[in-house]
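Each remark here refers to the structure printed beneath this line.
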Amino acid sequence: MNKTIFIGVAFIAIGGLLWLTLSTRKTMETKPAYIVTDKAPKPIGPYSQAVAKGNALFVSGQIALDPVNGKLDTADIVSETKMVMENIKAILSAAGMSMNDVAKSTIYMTSLADFPKMNDVYGSYFQAGKYPARETVQVAALPKGVHMEISVVAVAQ
């Protein structure tokens with residue numbers, strides 16, 4: 001009886017390892033998909049708006065560029081944050097995702113004195129209590145003289 005149980009457990013373990021190996025290999029072989037939408041600003045350098053790999057989406061840092069006219073919206077940190085978040089929403093939507101799928105955010109700001117206002121706007125884009133992991137870092141400067149930039153990683157549910 002003990003020998004039968006041992007053989008059964010061994011087969012289950014081998015089957016589990018085989019499944020893990022095949023599923024991992026398939027994920028590793030998944031080719032990236034490059035997300036492009038005219039609902040968000042065109043890249044201003046050699047990067048993609050976002051890249052999907054497996055069920056993860058990596059959204060490049062967004063600044064307050066209007067996707068329609070390409071102009072900056074840096075009137076104040078509130079309007080700048082709204083524009084950035086709307087651009088992120090548009091890219092997520094183009095990939096079939098939403099703000100609910102965001103797992104991680106990185107925020108760069110030129111002045112943490114603007115943090116409370118930025119934080120209020122940022123928080124309004126997520127369900128209360130279901131915020132992504134995040135860090136906010138003060139930097140010396142950002143492209144085009146903007147005051148903030150946000151990148152996100154989303155995972156399809």
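By order in the structure tokens, chains are A, B, ...; within a chain, residues start at 1; ligands start at 1, following the order shown.
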Step one, run DSSP on the backbone; step two, keep only residues of chain A assigned to alpha helix (DSSP H); then write them as a PDB file with N, CA and C atoms, in the first residue's frame.
```pdb
ATOM      1  N   ASN A   2       1.905   1.290   0.849  1.00  0.00           N
ATOM      2  CA  ASN A   2       2.793   2.455   0.886  1.00  0.00           C
ATOM      3  C   ASN A   2       3.492   2.659  -0.451  1.00  0.00           C
ATOM      4  N   LYS A   3       3.841   1.528  -1.120  1.00  0.00           N
ATOM      5  CA  LYS A   3       4.493   1.614  -2.418  1.00  0.00           C
ATOM      6  C   LYS A   3       3.544   2.229  -3.445  1.00  0.00           C
ATOM      7  N   THR A   4       2.265   1.880  -3.388  1.00  0.00           N
ATOM      8  CA  THR A   4       1.261   2.417  -4.298  1.00  0.00           C
ATOM      9  C   THR A   4       1.089   3.919  -4.088  1.00  0.00           C
ATOM     10  N   ILE A   5       1.027   4.344  -2.855  1.00  0.00           N
ATOM     11  CA  ILE A   5       0.896   5.771  -2.546  1.00  0.00           C
ATOM     12  C   ILE A   5       2.125   6.522  -3.047  1.00  0.00           C
ATOM     13  N   PHE A   6       3.310   5.969  -2.811  1.00  0.00           N
ATOM     14  CA  PHE A   6       4.551   6.605  -3.247  1.00  0.00           C
ATOM     15  C   PHE A   6       4.564   6.776  -4.763  1.00  0.00           C
ATOM     16  N   ILE A   7       4.172   5.735  -5.497  1.00  0.00           N
ATOM     17  CA  ILE A   7       4.149   5.803  -6.961  1.00  0.00           C
ATOM     18  C   ILE A   7       3.127   6.843  -7.419  1.00  0.00           C
ATOM     19  N   GLY A   8       1.973   6.881  -6.783  1.00  0.00           N
ATOM     20  CA  GLY A   8       0.951   7.878  -7.126  1.00  0.00           C
ATOM     21  C   GLY A   8       1.445   9.298  -6.903  1.00  0.00           C
ATOM     22  N   VAL A   9       2.082   9.527  -5.770  1.00  0.00           N
ATOM     23  CA  VAL A   9       2.629  10.857  -5.463  1.00  0.00           C
ATOM     24  C   VAL A   9       3.724  11.217  -6.464  1.00  0.00           C
ATOM     25  N   ALA A  10       4.554  10.246  -6.824  1.00  0.00           N
ATOM     26  CA  ALA A  10       5.633  10.492  -7.788  1.00  0.00           C
ATOM     27  C   ALA A  10       5.063  10.910  -9.139  1.00  0.00           C
ATOM     28  N   PHE A  11       4.000  10.220  -9.600  1.00  0.00           N
ATOM     29  CA  PHE A  11       3.379  10.585 -10.870  1.00  0.00           C
ATOM     30  C   PHE A  11       2.776  11.986 -10.818  1.00  0.00           C
ATOM     31  N   ILE A  12       2.150  12.324  -9.723  1.00  0.00           N
ATOM     32  CA  ILE A  12       1.578  13.669  -9.566  1.00  0.00           C
ATOM     33  C   ILE A  12       2.688  14.715  -9.598  1.00  0.00           C
ATOM     34  N   ALA A  13       3.776  14.456  -8.893  1.00  0.00           N
ATOM     35  CA  ALA A  13       4.901  15.400  -8.854  1.00  0.00           C
ATOM     36  C   ALA A  13       5.513  15.575 -10.239  1.00  0.00           C
ATOM     37  N   ILE A  14       5.713  14.476 -10.957  1.00  0.00           N
ATOM     38  CA  ILE A  14       6.287  14.551 -12.304  1.00  0.00           C
ATOM     39  C   ILE A  14       5.342  15.307 -13.233  1.00  0.00           C
ATOM     40  N   GLY A  15       4.056  15.016 -13.132  1.00  0.00           N
ATOM     41  CA  GLY A  15       3.067  15.732 -13.946  1.00  0.00           C
ATOM     42  C   GLY A  15       3.078  17.222 -13.655  1.00  0.00           C
ATOM     43  N   GLY A  16       3.175  17.578 -12.382  1.00  0.00           N
ATOM     44  CA  GLY A  16       3.225  18.993 -11.997  1.00  0.00           C
ATOM     45  C   GLY A  16       4.459  19.680 -12.543  1.00  0.00           C
ATOM     46  N   LEU A  17       5.600  19.012 -12.464  1.00  0.00           N
ATOM     47  CA  LEU A  17       6.837  19.590 -13.005  1.00  0.00           C
ATOM     48  C   LEU A  17       6.760  19.748 -14.515  1.00  0.00           C
ATOM     49  N   LEU A  18       6.190  18.764 -15.193  1.00  0.00           N
ATOM     50  CA  LEU A  18       6.037  18.844 -16.640  1.00  0.00           C
ATOM     51  C   LEU A  18       5.137  20.012 -17.009  1.00  0.00           C
ATOM     52  N   TRP A  19       4.014  20.154 -16.328  1.00  0.00           N
ATOM     53  CA  TRP A  19       3.104  21.277 -16.587  1.00  0.00           C
ATOM     54  C   TRP A  19       3.803  22.608 -16.345  1.00  0.00           C
ATOM     55  N   LEU A  20       4.527  22.727 -15.239  1.00  0.00           N
ATOM     56  CA  LEU A  20       5.230  23.964 -14.908  1.00  0.00           C
ATOM     57  C   LEU A  20       6.265  24.298 -15.976  1.00  0.00           C
ATOM     58  N   THR A  21       6.998  23.305 -16.428  1.00  0.00           N
ATOM     59  CA  THR A  21       8.017  23.521 -17.458  1.00  0.00           C
ATOM     60  C   THR A  21       7.383  23.993 -18.758  1.00  0.00           C
ATOM     61  N   LEU A  22       6.330  23.334 -19.184  1.00  0.00           N
ATOM     62  CA  LEU A  22       5.678  23.697 -20.442  1.00  0.00           C
ATOM     63  C   LEU A  22       5.004  25.059 -20.353  1.00  0.00           C
ATOM     64  N   SER A  23       4.333  25.345 -19.253  1.00  0.00           N
ATOM     65  CA  SER A  23       3.646  26.637 -19.131  1.00  0.00           C
ATOM     66  C   SER A  23       4.652  27.772 -19.032  1.00  0.00           C
ATOM     67  N   THR A  24       5.758  27.568 -18.350  1.00  0.00           N
ATOM     68  CA  THR A  24       6.793  28.600 -18.251  1.00  0.00           C
ATOM     69  C   THR A  24       7.436  28.824 -19.611  1.00  0.00           C
ATOM     70  N   ARG A  25       7.720  27.751 -20.304  1.00  0.00           N
ATOM     71  CA  ARG A  25       8.343  27.868 -21.624  1.00  0.00           C
ATOM     72  C   ARG A  25       7.439  28.623 -22.576  1.00  0.00           C
ATOM     73  N   LYS A  26       6.152  28.334 -22.553  1.00  0.00           N
ATOM     74  CA  LYS A  26       5.208  29.020 -23.428  1.00  0.00           C
ATOM     75  C   LYS A  26       5.197  30.512 -23.122  1.00  0.00           C
ATOM     76  N   THR A  27       5.178  30.877 -21.849  1.00  0.00           N
ATOM     77  CA  THR A  27       5.185  32.283 -21.463  1.00  0.00           C
ATOM     78  C   THR A  27       6.464  32.956 -21.941  1.00  0.00           C
ATOM     79  N   MET A  28       7.590  32.267 -21.800  1.00  0.00           N
ATOM     80  CA  MET A  28       8.868  32.846 -22.205  1.00  0.00           C
ATOM     81  C   MET A  28       8.940  33.018 -23.717  1.00  0.00           C
ATOM     82  N   GLU A  29       8.229  32.172 -24.463  1.00  0.00           N
ATOM     83  CA  GLU A  29       8.267  32.243 -25.915  1.00  0.00           C
ATOM     84  C   GLU A  29       7.256  33.239 -26.477  1.00  0.00           C
ATOM     85  N   ILE A  77      -0.201  71.435 -11.524  1.00  0.00           N
ATOM     86  CA  ILE A  77       0.028  70.006 -11.287  1.00  0.00           C
ATOM     87  C   ILE A  77      -1.261  69.193 -11.383  1.00  0.00           C
ATOM     88  N   VAL A  78      -2.404  69.808 -11.073  1.00  0.00           N
ATOM     89  CA  VAL A  78      -3.685  69.101 -11.161  1.00  0.00           C
ATOM     90  C   VAL A  78      -4.005  68.773 -12.617  1.00  0.00           C
ATOM     91  N   SER A  79      -3.954  69.770 -13.501  1.00  0.00           N
ATOM     92  CA  SER A  79      -4.263  69.515 -14.913  1.00  0.00           C
ATOM     93  C   SER A  79      -3.205  68.613 -15.554  1.00  0.00           C
ATOM     94  N   GLU A  80      -1.964  68.772 -15.135  1.00  0.00           N
ATOM     95  CA  GLU A  80      -0.889  67.931 -15.655  1.00  0.00           C
ATOM     96  C   GLU A  80      -1.126  66.463 -15.276  1.00  0.00           C
ATOM     97  N   THR A  81      -1.491  66.226 -14.035  1.00  0.00           N
ATOM     98  CA  THR A  81      -1.742  64.853 -13.570  1.00  0.00           C
ATOM     99  C   THR A  81      -2.943  64.252 -14.289  1.00  0.00           C
ATOM    100  N   LYS A  82      -4.006  65.040 -14.471  1.00  0.00           N
ATOM    101  CA  LYS A  82      -5.191  64.538 -15.186  1.00  0.00           C
ATOM    102  C   LYS A  82      -4.829  64.123 -16.604  1.00  0.00           C
ATOM    103  N   MET A  83      -4.056  64.957 -17.306  1.00  0.00           N
ATOM    104  CA  MET A  83      -3.672  64.636 -18.683  1.00  0.00           C
ATOM    105  C   MET A  83      -2.846  63.349 -18.720  1.00  0.00           C
ATOM    106  N   VAL A  84      -1.909  63.213 -17.818  1.00  0.00           N
ATOM    107  CA  VAL A  84      -1.074  62.008 -17.761  1.00  0.00           C
ATOM    108  C   VAL A  84      -1.942  60.773 -17.505  1.00  0.00           C
ATOM    109  N   MET A  85      -2.838  60.855 -16.553  1.00  0.00           N
ATOM    110  CA  MET A  85      -3.683  59.702 -16.216  1.00  0.00           C
ATOM    111  C   MET A  85      -4.630  59.350 -17.366  1.00  0.00           C
ATOM    112  N   GLU A  86      -5.150  60.354 -18.065  1.00  0.00           N
ATOM    113  CA  GLU A  86      -6.013  60.089 -19.224  1.00  0.00           C
ATOM    114  C   GLU A  86      -5.214  59.417 -20.342  1.00  0.00           C
ATOM    115  N   ASN A  87      -3.973  59.838 -20.534  1.00  0.00           N
ATOM    116  CA  ASN A  87      -3.120  59.195 -21.538  1.00  0.00           C
ATOM    117  C   ASN A  87      -2.868  57.733 -21.174  1.00  0.00           C
ATOM    118  N   ILE A  88      -2.620  57.477 -19.911  1.00  0.00           N
ATOM    119  CA  ILE A  88      -2.410  56.096 -19.451  1.00  0.00           C
ATOM    120  C   ILE A  88      -3.680  55.272 -19.664  1.00  0.00           C
ATOM    121  N   LYS A  89      -4.829  55.836 -19.314  1.00  0.00           N
ATOM    122  CA  LYS A  89      -6.110  55.137 -19.528  1.00  0.00           C
ATOM    123  C   LYS A  89      -6.298  54.771 -20.993  1.00  0.00           C
ATOM    124  N   ALA A  90      -5.959  55.690 -21.893  1.00  0.00           N
ATOM    125  CA  ALA A  90      -6.128  55.451 -23.328  1.00  0.00           C
ATOM    126  C   ALA A  90      -5.231  54.306 -23.807  1.00  0.00           C
ATOM    127  N   ILE A  91      -4.016  54.267 -23.315  1.00  0.00           N
ATOM    128  CA  ILE A  91      -3.092  53.189 -23.706  1.00  0.00           C
ATOM    129  C   ILE A  91      -3.574  51.851 -23.149  1.00  0.00           C
ATOM    130  N   LEU A  92      -4.001  51.848 -21.900  1.00  0.00           N
ATOM    131  CA  LEU A  92      -4.545  50.619 -21.311  1.00  0.00           C
ATOM    132  C   LEU A  92      -5.742  50.130 -22.117  1.00  0.00           C
ATOM    133  N   SER A  93      -6.630  51.044 -22.482  1.00  0.00           N
ATOM    134  CA  SER A  93      -7.822  50.693 -23.249  1.00  0.00           C
ATOM    135  C   SER A  93      -7.443  50.092 -24.603  1.00  0.00           C
ATOM    136  N   ALA A  94      -6.437  50.662 -25.248  1.00  0.00           N
ATOM    137  CA  ALA A  94      -5.984  50.139 -26.543  1.00  0.00           C
ATOM    138  C   ALA A  94      -5.472  48.707 -26.416  1.00  0.00           C
ATOM    139  N   PHE A 115       3.238  67.063  -4.358  1.00  0.00           N
ATOM    140  CA  PHE A 115       2.779  65.695  -4.104  1.00  0.00           C
ATOM    141  C   PHE A 115       1.323  65.617  -3.642  1.00  0.00           C
ATOM    142  N   PRO A 116       0.865  66.407  -2.652  1.00  0.00           N
ATOM    143  CA  PRO A 116      -0.522  66.255  -2.191  1.00  0.00           C
ATOM    144  C   PRO A 116      -1.560  66.453  -3.300  1.00  0.00           C
ATOM    145  N   LYS A 117      -1.373  67.455  -4.138  1.00  0.00           N
ATOM    146  CA  LYS A 117      -2.339  67.702  -5.224  1.00  0.00           C
ATOM    147  C   LYS A 117      -2.275  66.587  -6.267  1.00  0.00           C
ATOM    148  N   MET A 118      -1.061  66.190  -6.635  1.00  0.00           N
ATOM    149  CA  MET A 118      -0.910  65.091  -7.588  1.00  0.00           C
ATOM    150  C   MET A 118      -1.550  63.827  -7.026  1.00  0.00           C
ATOM    151  N   ASN A 119      -1.314  63.553  -5.767  1.00  0.00           N
ATOM    152  CA  ASN A 119      -1.808  62.345  -5.118  1.00  0.00           C
ATOM    153  C   ASN A 119      -3.335  62.290  -5.109  1.00  0.00           C
ATOM    154  N   ASP A 120      -3.986  63.434  -4.892  1.00  0.00           N
ATOM    155  CA  ASP A 120      -5.453  63.483  -4.909  1.00  0.00           C
ATOM    156  C   ASP A 120      -5.993  63.099  -6.281  1.00  0.00           C
ATOM    157  N   VAL A 121      -5.414  63.675  -7.332  1.00  0.00           N
ATOM    158  CA  VAL A 121      -5.871  63.361  -8.689  1.00  0.00           C
ATOM    159  C   VAL A 121      -5.561  61.900  -9.014  1.00  0.00           C
ATOM    160  N   TYR A 122      -4.343  61.475  -8.771  1.00  0.00           N
ATOM    161  CA  TYR A 122      -3.924  60.099  -9.039  1.00  0.00           C
ATOM    162  C   TYR A 122      -4.875  59.109  -8.358  1.00  0.00           C
ATOM    163  N   GLY A 123      -5.143  59.316  -7.082  1.00  0.00           N
ATOM    164  CA  GLY A 123      -5.996  58.405  -6.319  1.00  0.00           C
ATOM    165  C   GLY A 123      -7.406  58.299  -6.857  1.00  0.00           C
TER     166      GLY A 123
END
```
**Request:** Just the strand (DSSP E or B) stuff from range 33-146 of chain A, please, per backbone DSSP, written as a ChimeraX atom specification.
**Result:** /A:33-35,50-53,56-62,65,72,102-109,133-138
**Request:** Have a look at A:Leu112, A:Val139, A:Ala52, A:Met148 and name the one nearest to Asp73 in chain A; count only C-alpha atoms.
**Result:**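 Among A:Leu112, A:Val139, A:Ala52, A:Met148, it is A:Met148 that comes nearest to Asp73 in chain A.
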**Complete:** Shortest contact to Pro143 in chain A, candidates A:Ser124, A:Asn69, A:Gln62, A:Ser111, atoms counted only C-alpha atoms, goes to A:Gln62
Write out as a compact mmCIF listing (two decimals) with C-alpha atoms, in the first residue's frame each polymer residue whose atoms come within 7 Å of Phe126 in chain A, counting only C-alpha atoms; drop sequence neighbours fewer than 4 positions from it.
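Produced file out_10.txt, reproduced below:
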```txt
# COMPACT_ATOMS: atom_id res chain seq x y z
CA MET A 99 -7.06 51.18 -14.54
CA ASN A 100 -8.25 48.19 -12.48
CA LYS A 130 -7.43 48.94 -4.41
CA TYR A 131 -4.42 51.04 -5.34
```
